[in-house]
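Let me begin by presenting the structure, written as structure tokens, before commenting on it.
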Amino acid sequence: MISPGKRGFCNTRENIEGKLYTLIYGSCISTGSIDPVEKKPLYHFWPGSDAYSIATIGCSFRCQHCQNWEISQSHPDSNGEFAQFKQKDQTNFGARSFPLTKMTPEQVVSNVKRSKSRSIAYTYNEPTIWYEFIKDTSILAKREGIKNILVTNGYSSSEANRDYIKFIDGANIDIKAFSDKFYKEIVGIPSIKPVLETAEFFYKNGVHVELTTLIIPNQNDKESEIRELIQWVINKLGSEVPMHFSAYRPMYRMNEPSTSSNILEQYYEIAKKEGLQNVFLGNINSKRGNHSICPSCGEIIIHRHGYSISNKNLTENNTCKKCGSKIAIQGEITSSKARFF
Ligand code: SF4
């Protein structure tokens, strides 16, 4: 509940004389940028295509390791035209302020069409706090045949999720850890439960879902916890759901050492042995963990080097050229696209 004259935890909603207003409708950190869809990361959703990426400020979480803390922890002015990063404690992150760019849903969609991107990704900060703008933009985009992607922490209500499934086509959902303790202490919210409910609901209602877990040494990297997470994915979503384990680097208020490649490779092995078919490793170079591999015959289907992809063994019908097995990929592949980022 937000008292009159106050703003919510996300910094972007205000109770003005008993009515709740969003202060960031159409407030963007820039006019948008074109990213490979692999950067979201979505590896099995229109592989090789471009995702026109837009973001605002604020977040429903307070992750101590946030990579985008300058935008996620900023506050808008009352017109949503300016953002300020303020700190309550005595840390040395330094106050920052920057202007926001106002856009209408029509302007966003027209930019996307001009860029010839396949999709719009609502990304970088938590999209759910931008819900009204995303809904209006997504509905327009859908009419133009453009796909809509959420890169989300999954902390959305069942009411919001029931609406989302009408216009969201793909989502990468962050599972920050498989414990309430981590969510309480590192993220600042009481429980993981709503996040898991969102993942399950999206998946069961036809949204293409991929999951990402950033492995942070000493915080969420216990083998028993990772095994529990893998079992949950298999039991509640299914073994085909792409699961990304990514390497953490010290950031914002988190000072744990960087994740070693060894531990990620170990979790790759465990996840495969437990039965997950599409496991990927992020932020490291891995012989196996960067590529899509046929779960039946073990051939590389899509080879990735950074964000560049090449089609090795995928047919037009998304089956394996070598053994004919169906590969759980949504949409067509844009082959052999070289990208330099
Ligand atoms: S949910 Fe994402 S954007 Fe929000 S604080 Fe956590 S890492 Fe940052």
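Order determines the names: the first chain of the structure tokens is A, the second B, and so forth; residues in each chain are numbered 1 upward, and ligands are numbered 1 upward as they are shown.
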Practice task
Step by step, measure atom-to-atom distances between ligand 1 and each residue using only C-alpha atoms and all ligand atoms, keep those at most 7 Å, then write them as number ranges by chain.
Solution key: A: 59-63, 65-69, 72, 124-126, 153, 187
Exercise for the section: Find the residues around A:Gly58 up to 6 Å (only C-alpha atoms counted), leave out those fewer than 3 positions away in its own chain, and share them as a list in words. Expected result: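 What passes the distance filter is Cys10, Asn11, Ser72, Gln73 and Ser74 of chain A.
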Problem - Residue set, stretch 44-254 of chain A restricted to strand (DSSP E), as an NGL selection string - result: :A and (50-54 or 74-76 or 82-85 or 96-99 or 101-102 or 119-122 or 147-152 or 170-174 or 208-215 or 243-247)
Practice task
Mind checking which residues fall within 7 Å of A:Phe280, counting only C-alpha atoms, ignoring those fewer than 5 positions away in the same chain, and posting them as a list in words?
Solution key: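 Residues meeting the cut-off are Met243, His244, Phe245, Gly289 and Asn290 of chain A.
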Exercise for the section: Write out as JSON, numbers by chain all residues of stretch 69-273 of chain A that DSSP puts in helix (DSSP H, G or I) for this structure's backbone. Expected result: {"A": [69, 70, 71, 72, 105, 106, 107, 108, 109, 110, 111, 112, 113, 114, 115, 127, 128, 129, 130, 131, 132, 133, 134, 135, 136, 137, 138, 139, 140, 141, 142, 143, 158, 159, 160, 161, 162, 163, 164, 180, 181, 182, 183, 184, 185, 186, 187, 193, 194, 195, 196, 197, 198, 199, 200, 201, 202, 203, 204, 223, 224, 225, 226, 227, 228, 229, 230, 231, 232, 233, 234, 235, 236, 237, 261, 262, 263, 264, 265, 266, 267, 268, 269, 270, 271, 272, 273]}
Only C-alpha atoms, please: the residues just picked out, written as a PDB file, in the first residue's frame.
```
ATOM      1  CA  TRP A  69      21.925  -0.008 -10.976  1.00  0.00           C
ATOM      2  CA  GLU A  70      22.298   3.493 -12.446  1.00  0.00           C
ATOM      3  CA  ILE A  71      18.928   3.123 -14.128  1.00  0.00           C
ATOM      4  CA  SER A  72      17.221   0.498 -11.950  1.00  0.00           C
ATOM      5  CA  PRO A 105       3.931   3.739 -28.432  1.00  0.00           C
ATOM      6  CA  GLU A 106       3.457   4.855 -32.073  1.00  0.00           C
ATOM      7  CA  GLN A 107       6.967   6.333 -32.185  1.00  0.00           C
ATOM      8  CA  VAL A 108       8.509   3.179 -30.725  1.00  0.00           C
ATOM      9  CA  VAL A 109       6.733   0.940 -33.226  1.00  0.00           C
ATOM     10  CA  SER A 110       7.684   3.189 -36.126  1.00  0.00           C
ATOM     11  CA  ASN A 111      11.368   3.054 -35.029  1.00  0.00           C
ATOM     12  CA  VAL A 112      11.180  -0.726 -34.803  1.00  0.00           C
ATOM     13  CA  LYS A 113       9.709  -0.991 -38.295  1.00  0.00           C
ATOM     14  CA  ARG A 114      12.409   1.284 -39.698  1.00  0.00           C
ATOM     15  CA  SER A 115      15.102  -0.839 -38.032  1.00  0.00           C
ATOM     16  CA  PRO A 127       9.669  -4.017 -17.371  1.00  0.00           C
ATOM     17  CA  THR A 128       6.696  -4.775 -15.129  1.00  0.00           C
ATOM     18  CA  ILE A 129       6.886  -1.365 -13.472  1.00  0.00           C
ATOM     19  CA  TRP A 130       6.368   0.058 -17.015  1.00  0.00           C
ATOM     20  CA  TYR A 131       3.359  -2.124 -17.545  1.00  0.00           C
ATOM     21  CA  GLU A 132       0.891   0.415 -19.038  1.00  0.00           C
ATOM     22  CA  PHE A 133       3.357   1.646 -21.662  1.00  0.00           C
ATOM     23  CA  ILE A 134       4.451  -1.875 -22.548  1.00  0.00           C
ATOM     24  CA  LYS A 135       0.870  -2.979 -22.999  1.00  0.00           C
ATOM     25  CA  ASP A 136      -0.017  -0.100 -25.353  1.00  0.00           C
ATOM     26  CA  THR A 137       3.213  -0.509 -27.348  1.00  0.00           C
ATOM     27  CA  SER A 138       2.986  -4.307 -27.556  1.00  0.00           C
ATOM     28  CA  ILE A 139      -0.585  -4.287 -28.835  1.00  0.00           C
ATOM     29  CA  LEU A 140       0.389  -1.877 -31.631  1.00  0.00           C
ATOM     30  CA  ALA A 141       3.537  -3.903 -32.398  1.00  0.00           C
ATOM     31  CA  LYS A 142       1.609  -7.165 -32.567  1.00  0.00           C
ATOM     32  CA  ARG A 143      -0.697  -5.687 -35.213  1.00  0.00           C
ATOM     33  CA  SER A 158      -1.328 -13.019 -11.481  1.00  0.00           C
ATOM     34  CA  GLU A 159      -3.586 -10.186 -12.760  1.00  0.00           C
ATOM     35  CA  ALA A 160      -0.701  -8.658 -14.710  1.00  0.00           C
ATOM     36  CA  ASN A 161       0.376 -12.066 -15.988  1.00  0.00           C
ATOM     37  CA  ARG A 162      -3.135 -12.884 -17.242  1.00  0.00           C
ATOM     38  CA  ASP A 163      -2.918  -9.732 -19.345  1.00  0.00           C
ATOM     39  CA  TYR A 164       0.708 -10.198 -20.429  1.00  0.00           C
ATOM     40  CA  ASP A 180      13.747 -17.272  -0.176  1.00  0.00           C
ATOM     41  CA  LYS A 181      16.826 -16.362   1.880  1.00  0.00           C
ATOM     42  CA  PHE A 182      18.615 -14.959  -1.209  1.00  0.00           C
ATOM     43  CA  TYR A 183      15.507 -13.083  -2.322  1.00  0.00           C
ATOM     44  CA  LYS A 184      15.133 -11.579   1.179  1.00  0.00           C
ATOM     45  CA  GLU A 185      18.763 -10.695   1.820  1.00  0.00           C
ATOM     46  CA  ILE A 186      20.184  -9.876  -1.622  1.00  0.00           C
ATOM     47  CA  VAL A 187      17.143  -8.809  -3.604  1.00  0.00           C
ATOM     48  CA  LYS A 193       7.190 -17.854  -5.005  1.00  0.00           C
ATOM     49  CA  PRO A 194       5.665 -15.189  -7.327  1.00  0.00           C
ATOM     50  CA  VAL A 195       8.669 -15.517  -9.673  1.00  0.00           C
ATOM     51  CA  LEU A 196       8.179 -19.264 -10.041  1.00  0.00           C
ATOM     52  CA  GLU A 197       4.437 -18.773 -10.508  1.00  0.00           C
ATOM     53  CA  THR A 198       5.096 -16.317 -13.355  1.00  0.00           C
ATOM     54  CA  ALA A 199       7.497 -18.706 -15.113  1.00  0.00           C
ATOM     55  CA  GLU A 200       4.995 -21.560 -14.863  1.00  0.00           C
ATOM     56  CA  PHE A 201       2.038 -19.440 -15.946  1.00  0.00           C
ATOM     57  CA  PHE A 202       3.845 -17.953 -18.971  1.00  0.00           C
ATOM     58  CA  TYR A 203       5.123 -21.342 -20.093  1.00  0.00           C
ATOM     59  CA  LYS A 204       1.746 -23.074 -19.743  1.00  0.00           C
ATOM     60  CA  GLU A 223      25.176 -27.757  -5.614  1.00  0.00           C
ATOM     61  CA  SER A 224      22.093 -28.906  -3.677  1.00  0.00           C
ATOM     62  CA  GLU A 225      20.325 -25.626  -4.474  1.00  0.00           C
ATOM     63  CA  ILE A 226      21.187 -25.801  -8.187  1.00  0.00           C
ATOM     64  CA  ARG A 227      19.975 -29.397  -8.318  1.00  0.00           C
ATOM     65  CA  GLU A 228      16.674 -28.337  -6.718  1.00  0.00           C
ATOM     66  CA  LEU A 229      16.310 -25.569  -9.303  1.00  0.00           C
ATOM     67  CA  ILE A 230      16.963 -27.984 -12.176  1.00  0.00           C
ATOM     68  CA  GLN A 231      14.403 -30.437 -10.787  1.00  0.00           C
ATOM     69  CA  TRP A 232      11.851 -27.660 -10.442  1.00  0.00           C
ATOM     70  CA  VAL A 233      12.355 -26.629 -14.083  1.00  0.00           C
ATOM     71  CA  ILE A 234      11.973 -30.210 -15.314  1.00  0.00           C
ATOM     72  CA  ASN A 235       8.917 -30.944 -13.169  1.00  0.00           C
ATOM     73  CA  LYS A 236       7.029 -27.687 -13.578  1.00  0.00           C
ATOM     74  CA  LEU A 237       8.013 -26.455 -17.048  1.00  0.00           C
ATOM     75  CA  SER A 261      34.367 -21.255 -15.582  1.00  0.00           C
ATOM     76  CA  ASN A 262      34.861 -24.585 -13.797  1.00  0.00           C
ATOM     77  CA  ILE A 263      31.809 -24.229 -11.627  1.00  0.00           C
ATOM     78  CA  LEU A 264      29.641 -23.269 -14.597  1.00  0.00           C
ATOM     79  CA  GLU A 265      30.921 -26.243 -16.601  1.00  0.00           C
ATOM     80  CA  GLN A 266      30.135 -28.453 -13.602  1.00  0.00           C
ATOM     81  CA  TYR A 267      26.538 -27.172 -13.471  1.00  0.00           C
ATOM     82  CA  TYR A 268      26.245 -27.648 -17.240  1.00  0.00           C
ATOM     83  CA  GLU A 269      27.179 -31.288 -16.754  1.00  0.00           C
ATOM     84  CA  ILE A 270      24.765 -31.770 -13.848  1.00  0.00           C
ATOM     85  CA  ALA A 271      21.866 -30.094 -15.651  1.00  0.00           C
ATOM     86  CA  LYS A 272      22.404 -32.268 -18.745  1.00  0.00           C
ATOM     87  CA  LYS A 273      22.662 -35.443 -16.676  1.00  0.00           C
TER      88      LYS A 273
END
```
Problem - Among the residues A:Asp77, A:Glu240, A:Glu144, A:Glu332, the one that comes closest to A:Lys116 [using only C-alpha atoms] - result: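 For A:Lys116, the nearest of the candidates is A:Glu144.
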Handout entry: Exercise: A:Gly324 partners within 12 Å, only C-alpha atoms, chain neighbours under 6 positions left out, as number ranges by chain
Key = A: 294-297, 299, 301, 313-318
Problem - Test item: residues at most 12 Å from A:His75, only C-alpha atoms, excluding those fewer than 2 positions along its chain, as JSON, numbers by chain - result: {"A": [7, 8, 9, 10, 11, 12, 13, 14, 22, 23, 24, 27, 56, 57, 58, 59, 69, 70, 71, 72, 73, 77, 78, 79, 80, 81, 82, 83, 84, 85, 86, 87, 95, 96, 97, 98, 99, 100]}
Handout entry: Length of the atom CA of A:Thr123 to atom CA of A:Gln277 vector [Å]
Key =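 Those two atoms sit 26.0 Å apart.
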Handout entry: Nearest candidate to A:Ile120 (options A:Gly298, A:Pro242, A:Pro36, A:Gly5; using only C-alpha atoms)
Key =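 Closest to A:Ile120, using only C-alpha atoms: A:Pro36.
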Problem - Using only C-alpha atoms: which of A:Gly206, A:Pro4, A:Gly170, A:Pro217 has the shortest distance to A:Tyr248 - result: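 Checking each of A:Gly206, A:Pro4, A:Gly170, A:Pro217 against A:Tyr248, counting only C-alpha atoms, the winner is A:Pro217.
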Handout entry: atom CA of A:Asn148 to atom CA of A:Ser49, distance in Å rounded to a single decimal
Key =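 These atoms are spaced 12.8 Å apart.
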Problem - Atomic separation - atom CA of A:Phe167 relative to atom CA of A:Thr212, Å - result: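 Separation of atom CA of A:Thr212 and atom CA of A:Phe167: 21.8 Å.
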